[in-house]
Amino acid sequence: MSLNYQTEEDELQLQQDDTAEQPASPPPVYTIAFIVAIGAVALTQFLTGLEASIMAAGFDKPLFLKQHEYWRILTGATTHGSILHVAMNCYAFYSFGRIFEMLSNRAHLAIVFLLSAIGGGILSLVFQPDGISVGASGGIVGLIGYLAVYAFRRRDFISPAFRKNLLVNIGFILVFGLVLYQTIDNFGHIGGLITGAVYGFLQIPSDVHIDPREAGSTVEFAGLASLGIYIAACAFSILLILRIV
């Protein structure tokens, strides 16, 4: 099930000199890479059949537990249940991912997304051990959780409108999940949100003079590795769907 995320990038107003010429933001390379990988899996799903592809690579929790197919917690986050599902998730990923890469280091985006996808899967497994879950929503909601912490810790530099917008998104996710609790993996979303927020509290400096966009070589490597792991999971999902492995 897709989420109708609300985002208005124009509300991201950093306090800055109106007369100063601002350099153009770099392209959100990691965000685009994630979306391309998700799109490749989705295309394979649509060409081969959604139901069969979900059975092949979705987060089938009974198989995860009983058959020890532990890779499903990752491949489930690469597959989707409909065209609308993947379209809305890709739109949300681009909207929030671009903001994320502008405010923080892109390495953190990859780490947060991967950890949140796994964290959401774990919480879903604990509270809903039956059935199959699909979708990248857990990882995307993790990005929102991180940005919410960022907006709180850097509230002197972030507009009230942007903070309000994040709270509206979080509230919408919760309400939407309650209304459609039978079709939405609420625990997957909550787990992703908590994971992203916890990472934000641990990573975003309380000292406003420290730039959160700066990252050492270890973090850069961890971010690249996180991106690589997800792309590898997407590739593995495609092989599973095509019955090559």
# chains A, B, ... in the order shown; residues from 1 in each chain; ligands from 1

call {"tool": "closest_atom_pairs", "arguments": {"of": "range 66-142 of chain A", "to": "range 38-51 of chain A", "cutoff": "10 Å", "atoms": "only C-alpha atoms", "output": "JSON lines"}}
result
{"residue": "A:Thr75", "atom": "CA", "partner": "A:Val41", "partner_atom": "CA", "distance": 9.7}
{"residue": "A:Ala77", "atom": "CA", "partner": "A:Ile38", "partner_atom": "CA", "distance": 9.0}
{"residue": "A:Thr78", "atom": "CA", "partner": "A:Ile38", "partner_atom": "CA", "distance": 5.9}
{"residue": "A:Thr79", "atom": "CA", "partner": "A:Ala42", "partner_atom": "CA", "distance": 6.5}
{"residue": "A:His80", "atom": "CA", "partner": "A:Ala42", "partner_atom": "CA", "distance": 6.8}
{"residue": "A:Gly81", "atom": "CA", "partner": "A:Leu50", "partner_atom": "CA", "distance": 6.7}
{"residue": "A:Ser82", "atom": "CA", "partner": "A:Leu50", "partner_atom": "CA", "distance": 7.4}
{"residue": "A:Ile83", "atom": "CA", "partner": "A:Ala42", "partner_atom": "CA", "distance": 8.0}
{"residue": "A:His85", "atom": "CA", "partner": "A:Ala42", "partner_atom": "CA", "distance": 10.0}
{"residue": "A:Val86", "atom": "CA", "partner": "A:Ala42", "partner_atom": "CA", "distance": 7.2}
{"residue": "A:Ala87", "atom": "CA", "partner": "A:Gly39", "partner_atom": "CA", "distance": 8.9}
{"residue": "A:Asn89", "atom": "CA", "partner": "A:Ile38", "partner_atom": "CA", "distance": 9.4}
{"residue": "A:Cys90", "atom": "CA", "partner": "A:Ile38", "partner_atom": "CA", "distance": 7.9}
{"residue": "A:Gly135", "atom": "CA", "partner": "A:Ile38", "partner_atom": "CA", "distance": 9.5}
{"residue": "A:Ala136", "atom": "CA", "partner": "A:Ile38", "partner_atom": "CA", "distance": 8.4}

call {"tool": "write_last_selection", "arguments": {"atoms": "C-alpha atoms", "output": "compact mmCIF listing (two decimals), in the first residue's frame"}}
result
# COMPACT_ATOMS: atom_id res chain seq x y z
CA THR A 75 14.41 -8.23 -0.87
CA ALA A 77 12.08 -3.79 0.73
CA THR A 78 12.89 -3.86 -2.98
CA THR A 79 9.53 -5.19 -4.22
CA HIS A 80 6.15 -3.46 -4.42
CA GLY A 81 2.51 -4.44 -4.68
CA SER A 82 1.26 -2.20 -7.48
CA ILE A 83 2.22 0.52 -9.94
CA HIS A 85 2.68 1.71 -4.68
CA VAL A 86 6.07 1.97 -6.37
CA ALA A 87 5.25 5.33 -8.00
CA ASN A 89 7.27 5.50 -2.90
CA CYS A 90 9.68 6.71 -5.59
CA GLY A 135 7.73 -2.00 -0.20
CA ALA A 136 10.48 0.49 0.56

call {"tool": "residues_around", "arguments": {"residues": "Ile190 in chain A", "least_positions_apart": "6", "cutoff": "8 Å", "atoms": "only C-alpha atoms", "output": "PDB file with C-alpha atoms, in the first residue's frame"}}
result
ATOM      1  CA  GLY A 120      10.884  -1.788  10.081  1.00  0.00           C
ATOM      2  CA  LEU A 123       9.348  -4.771  14.182  1.00  0.00           C
ATOM      3  CA  GLY A 138      10.003   1.533   6.041  1.00  0.00           C
TER       4      GLY A 138
END

call {"tool": "select_by_dssp", "arguments": {"residues": "range 6-177 of chain A", "states": "helix (DSSP H, G or I)", "output": "VMD selection string"}}
result
chain A and resid 9 to 11 29 to 48 50 to 57 61 to 66 72 to 75 83 to 103 106 to 127 137 to 153 160 to 177

call {"tool": "write_last_selection", "arguments": {"atoms": "C-alpha atoms", "output": "short mmCIF file (atom, residue, chain, number, x, y, z; two decimals), in the first residue's frame"}}
result
data_model
loop_
_atom_site.label_atom_id
_atom_site.label_comp_id
_atom_site.auth_asym_id
_atom_site.auth_seq_id
_atom_site.Cartn_x
_atom_site.Cartn_y
_atom_site.Cartn_z
CA GLU A 9 10.22 21.73 -0.83
CA ASP A 10 9.54 25.43 -1.02
CA GLU A 11 8.86 25.33 2.71
CA VAL A 29 23.17 11.11 -6.51
CA TYR A 30 22.39 8.48 -3.87
CA THR A 31 18.67 9.22 -3.97
CA ILE A 32 18.62 8.75 -7.73
CA ALA A 33 20.67 5.53 -7.46
CA PHE A 34 18.19 4.06 -4.98
CA ILE A 35 15.22 5.00 -7.14
CA VAL A 36 16.79 3.50 -10.28
CA ALA A 37 17.40 0.25 -8.40
CA ILE A 38 13.81 0.19 -7.12
CA GLY A 39 12.54 0.93 -10.62
CA ALA A 40 14.53 -1.94 -12.11
CA VAL A 41 12.94 -4.40 -9.69
CA ALA A 42 9.48 -2.94 -10.30
CA LEU A 43 9.88 -3.26 -14.07
CA THR A 44 10.86 -6.90 -13.66
CA GLN A 45 7.81 -7.45 -11.44
CA PHE A 46 5.40 -5.93 -13.93
CA LEU A 47 6.86 -7.91 -16.83
CA THR A 48 6.70 -11.25 -15.03
CA LEU A 50 3.18 -9.08 -9.52
CA GLU A 51 1.79 -11.97 -7.52
CA ALA A 52 4.50 -14.41 -8.57
CA SER A 53 7.23 -11.82 -8.00
CA ILE A 54 5.98 -11.08 -4.49
CA MET A 55 5.97 -14.78 -3.67
CA ALA A 56 9.51 -15.06 -5.01
CA ALA A 57 11.12 -12.05 -3.32
CA LYS A 61 7.76 -13.96 7.31
CA PRO A 62 6.90 -17.65 7.76
CA LEU A 63 9.59 -18.55 5.21
CA PHE A 64 11.98 -16.13 6.92
CA LEU A 65 11.44 -17.88 10.26
CA LYS A 66 10.91 -21.51 9.29
CA ARG A 72 13.82 -11.75 2.45
CA ILE A 73 13.97 -8.89 4.97
CA LEU A 74 16.01 -7.01 2.34
CA THR A 75 14.41 -8.23 -0.87
CA ILE A 83 2.22 0.52 -9.94
CA LEU A 84 0.74 3.14 -7.61
CA HIS A 85 2.68 1.71 -4.68
CA VAL A 86 6.07 1.97 -6.37
CA ALA A 87 5.25 5.33 -8.00
CA MET A 88 4.28 6.96 -4.70
CA ASN A 89 7.27 5.50 -2.90
CA CYS A 90 9.68 6.71 -5.59
CA TYR A 91 8.09 10.16 -5.51
CA ALA A 92 8.39 10.29 -1.73
CA PHE A 93 11.97 9.00 -1.85
CA TYR A 94 12.99 11.69 -4.31
CA SER A 95 11.18 14.45 -2.42
CA PHE A 96 12.64 13.66 0.99
CA GLY A 97 15.90 12.20 -0.28
CA ARG A 98 16.79 15.40 -2.11
CA ILE A 99 16.17 17.43 1.04
CA PHE A 100 18.16 14.90 3.07
CA GLU A 101 21.19 15.13 0.78
CA MET A 102 21.04 18.91 0.92
CA LEU A 103 20.96 19.06 4.72
CA ARG A 106 24.53 11.45 1.36
CA ALA A 107 26.32 8.64 3.16
CA HIS A 108 23.92 9.07 6.07
CA LEU A 109 20.97 8.82 3.67
CA ALA A 110 22.09 5.39 2.52
CA ILE A 111 22.78 4.22 6.06
CA VAL A 112 19.46 5.53 7.41
CA PHE A 113 17.45 4.03 4.57
CA LEU A 114 19.03 0.58 4.86
CA LEU A 115 18.86 0.46 8.67
CA SER A 116 15.28 1.74 8.68
CA ALA A 117 14.18 -0.83 6.11
CA ILE A 118 15.68 -3.56 8.29
CA GLY A 119 14.38 -2.01 11.51
CA GLY A 120 10.88 -1.79 10.08
CA GLY A 121 11.10 -5.39 8.93
CA ILE A 122 12.18 -6.57 12.37
CA LEU A 123 9.35 -4.77 14.18
CA SER A 124 6.87 -6.11 11.64
CA LEU A 125 8.24 -9.60 12.15
CA VAL A 126 7.83 -9.35 15.93
CA PHE A 127 4.25 -8.07 15.93
CA SER A 137 8.20 2.53 2.83
CA GLY A 138 10.00 1.53 6.04
CA GLY A 139 13.25 2.99 4.75
CA ILE A 140 11.55 6.11 3.41
CA VAL A 141 9.75 6.75 6.70
CA GLY A 142 13.16 6.41 8.34
CA LEU A 143 14.35 9.38 6.27
CA ILE A 144 11.38 11.36 7.59
CA GLY A 145 12.27 10.37 11.16
CA TYR A 146 15.83 11.58 10.64
CA LEU A 147 14.67 14.87 9.12
CA ALA A 148 12.27 15.41 12.03
CA VAL A 149 15.17 15.15 14.47
CA TYR A 150 17.23 17.44 12.24
CA ALA A 151 14.44 20.03 12.23
CA PHE A 152 14.27 19.85 16.04
CA ARG A 153 18.01 20.12 16.64
CA PRO A 160 8.46 26.55 11.36
CA ALA A 161 6.58 25.64 8.18
CA PHE A 162 9.06 22.87 7.39
CA ARG A 163 8.89 21.49 10.94
CA LYS A 164 5.10 21.57 10.77
CA ASN A 165 5.19 19.79 7.42
CA LEU A 166 7.26 16.95 8.86
CA LEU A 167 4.87 16.56 11.80
CA VAL A 168 1.94 16.51 9.37
CA ASN A 169 3.63 13.72 7.42
CA ILE A 170 4.25 11.68 10.55
CA GLY A 171 0.68 12.23 11.71
CA PHE A 172 -0.64 11.30 8.29
CA ILE A 173 1.33 8.05 8.30
CA LEU A 174 -0.12 7.10 11.69
CA VAL A 175 -3.71 8.04 10.85
CA PHE A 176 -3.54 6.48 7.39
CA GLY A 177 -2.21 3.30 8.94
#

call {"tool": "residues_around", "arguments": {"residues": "range 212-216 of chain A", "least_positions_apart": "3", "cutoff": "6 Å", "atoms": "only C-alpha atoms", "output": "list in words"}}
result
Ser104, Asn105, Ile204 and Val219 of chain A

call {"tool": "write_last_selection", "arguments": {"atoms": "C-alpha atoms", "output": "PDB file, in the first residue's frame"}}
result
ATOM      1  CA  SER A 104      23.179  16.102   5.583  1.00  0.00           C
ATOM      2  CA  ASN A 105      25.791  13.866   4.005  1.00  0.00           C
ATOM      3  CA  ILE A 204      23.217  15.018  14.298  1.00  0.00           C
ATOM      4  CA  VAL A 219      31.089   7.060   7.351  1.00  0.00           C
TER       5      VAL A 219
END

call {"tool": "atom_distance", "arguments": {"atom1": "CA of Thr195 in chain A", "atom2": "CA of Asp60 in chain A"}}
result
21.5 Å

call {"tool": "atom_distance", "arguments": {"atom1": "CA of Gly58 in chain A", "atom2": "CA of Trp71 in chain A"}}
result
9.8 Å

call {"tool": "select_by_dssp", "arguments": {"residues": "range 17-245 of chain A", "states": "strand (DSSP E)", "output": "list in words"}}
result
Phe59, Asp60, Ile132 and Ser133 of chain A

call {"tool": "atom_distance", "arguments": {"atom1": "CA of Val208 in chain A", "atom2": "CA of Gly196 in chain A"}}
result
19.9 Å

call {"tool": "decode", "arguments": {"residues": "range 139-220 of chain A", "atoms": "C-alpha atoms", "output": "short mmCIF file (atom, residue, chain, number, x, y, z; two decimals), in the first residue's frame"}}
result
data_model
loop_
_atom_site.label_atom_id
_atom_site.label_comp_id
_atom_site.auth_asym_id
_atom_site.auth_seq_id
_atom_site.Cartn_x
_atom_site.Cartn_y
_atom_site.Cartn_z
CA GLY A 139 13.25 2.99 4.75
CA ILE A 140 11.55 6.11 3.41
CA VAL A 141 9.75 6.75 6.70
CA GLY A 142 13.16 6.41 8.34
CA LEU A 143 14.35 9.38 6.27
CA ILE A 144 11.38 11.36 7.59
CA GLY A 145 12.27 10.37 11.16
CA TYR A 146 15.83 11.58 10.64
CA LEU A 147 14.67 14.87 9.12
CA ALA A 148 12.27 15.41 12.03
CA VAL A 149 15.17 15.15 14.47
CA TYR A 150 17.23 17.44 12.24
CA ALA A 151 14.44 20.03 12.23
CA PHE A 152 14.27 19.85 16.04
CA ARG A 153 18.01 20.12 16.64
CA ARG A 154 18.51 22.80 13.99
CA ARG A 155 15.25 24.62 14.68
CA ASP A 156 16.98 28.01 14.59
CA PHE A 157 17.91 27.38 10.96
CA ILE A 158 14.78 25.57 9.76
CA SER A 159 11.49 27.34 9.14
CA PRO A 160 8.46 26.55 11.36
CA ALA A 161 6.58 25.64 8.18
CA PHE A 162 9.06 22.87 7.39
CA ARG A 163 8.89 21.49 10.94
CA LYS A 164 5.10 21.57 10.77
CA ASN A 165 5.19 19.79 7.42
CA LEU A 166 7.26 16.95 8.86
CA LEU A 167 4.87 16.56 11.80
CA VAL A 168 1.94 16.51 9.37
CA ASN A 169 3.63 13.72 7.42
CA ILE A 170 4.25 11.68 10.55
CA GLY A 171 0.68 12.23 11.71
CA PHE A 172 -0.64 11.30 8.29
CA ILE A 173 1.33 8.05 8.30
CA LEU A 174 -0.12 7.10 11.69
CA VAL A 175 -3.71 8.04 10.85
CA PHE A 176 -3.54 6.48 7.39
CA GLY A 177 -2.21 3.30 8.94
CA LEU A 178 -5.01 3.15 11.51
CA VAL A 179 -7.69 3.60 8.86
CA LEU A 180 -6.22 0.98 6.52
CA TYR A 181 -4.60 -1.23 9.14
CA GLN A 182 -5.62 -4.40 7.30
CA THR A 183 -3.60 -3.55 4.19
CA ILE A 184 -0.74 -1.43 5.57
CA ASP A 185 2.23 -2.76 7.52
CA ASN A 186 2.02 -0.23 10.34
CA PHE A 187 4.74 -1.87 12.38
CA GLY A 188 7.06 -1.71 9.39
CA HIS A 189 6.47 2.03 9.16
CA ILE A 190 6.78 2.61 12.90
CA GLY A 191 9.97 0.57 13.04
CA GLY A 192 11.45 2.56 10.18
CA LEU A 193 10.43 5.87 11.74
CA ILE A 194 11.98 4.96 15.10
CA THR A 195 15.18 3.69 13.48
CA GLY A 196 15.65 6.87 11.46
CA ALA A 197 14.90 9.09 14.45
CA VAL A 198 17.31 7.20 16.72
CA TYR A 199 20.05 7.45 14.10
CA GLY A 200 19.36 11.17 13.84
CA PHE A 201 19.67 11.67 17.59
CA LEU A 202 22.97 9.80 17.59
CA GLN A 203 24.44 11.42 14.49
CA ILE A 204 23.22 15.02 14.30
CA PRO A 205 25.42 17.17 16.56
CA SER A 206 23.73 19.23 19.26
CA ASP A 207 26.32 21.92 18.61
CA VAL A 208 24.83 24.01 15.79
CA HIS A 209 28.32 25.10 14.76
CA ILE A 210 29.17 21.56 13.63
CA ASP A 211 28.11 20.89 10.05
CA PRO A 212 26.22 17.55 9.83
CA ARG A 213 27.15 17.38 6.16
CA GLU A 214 30.74 16.64 7.08
CA ALA A 215 31.61 12.95 7.26
CA GLY A 216 34.82 11.02 7.73
CA SER A 217 36.12 8.27 5.49
CA THR A 218 34.57 5.57 7.69
CA VAL A 219 31.09 7.06 7.35
CA GLU A 220 31.57 7.59 3.63
#
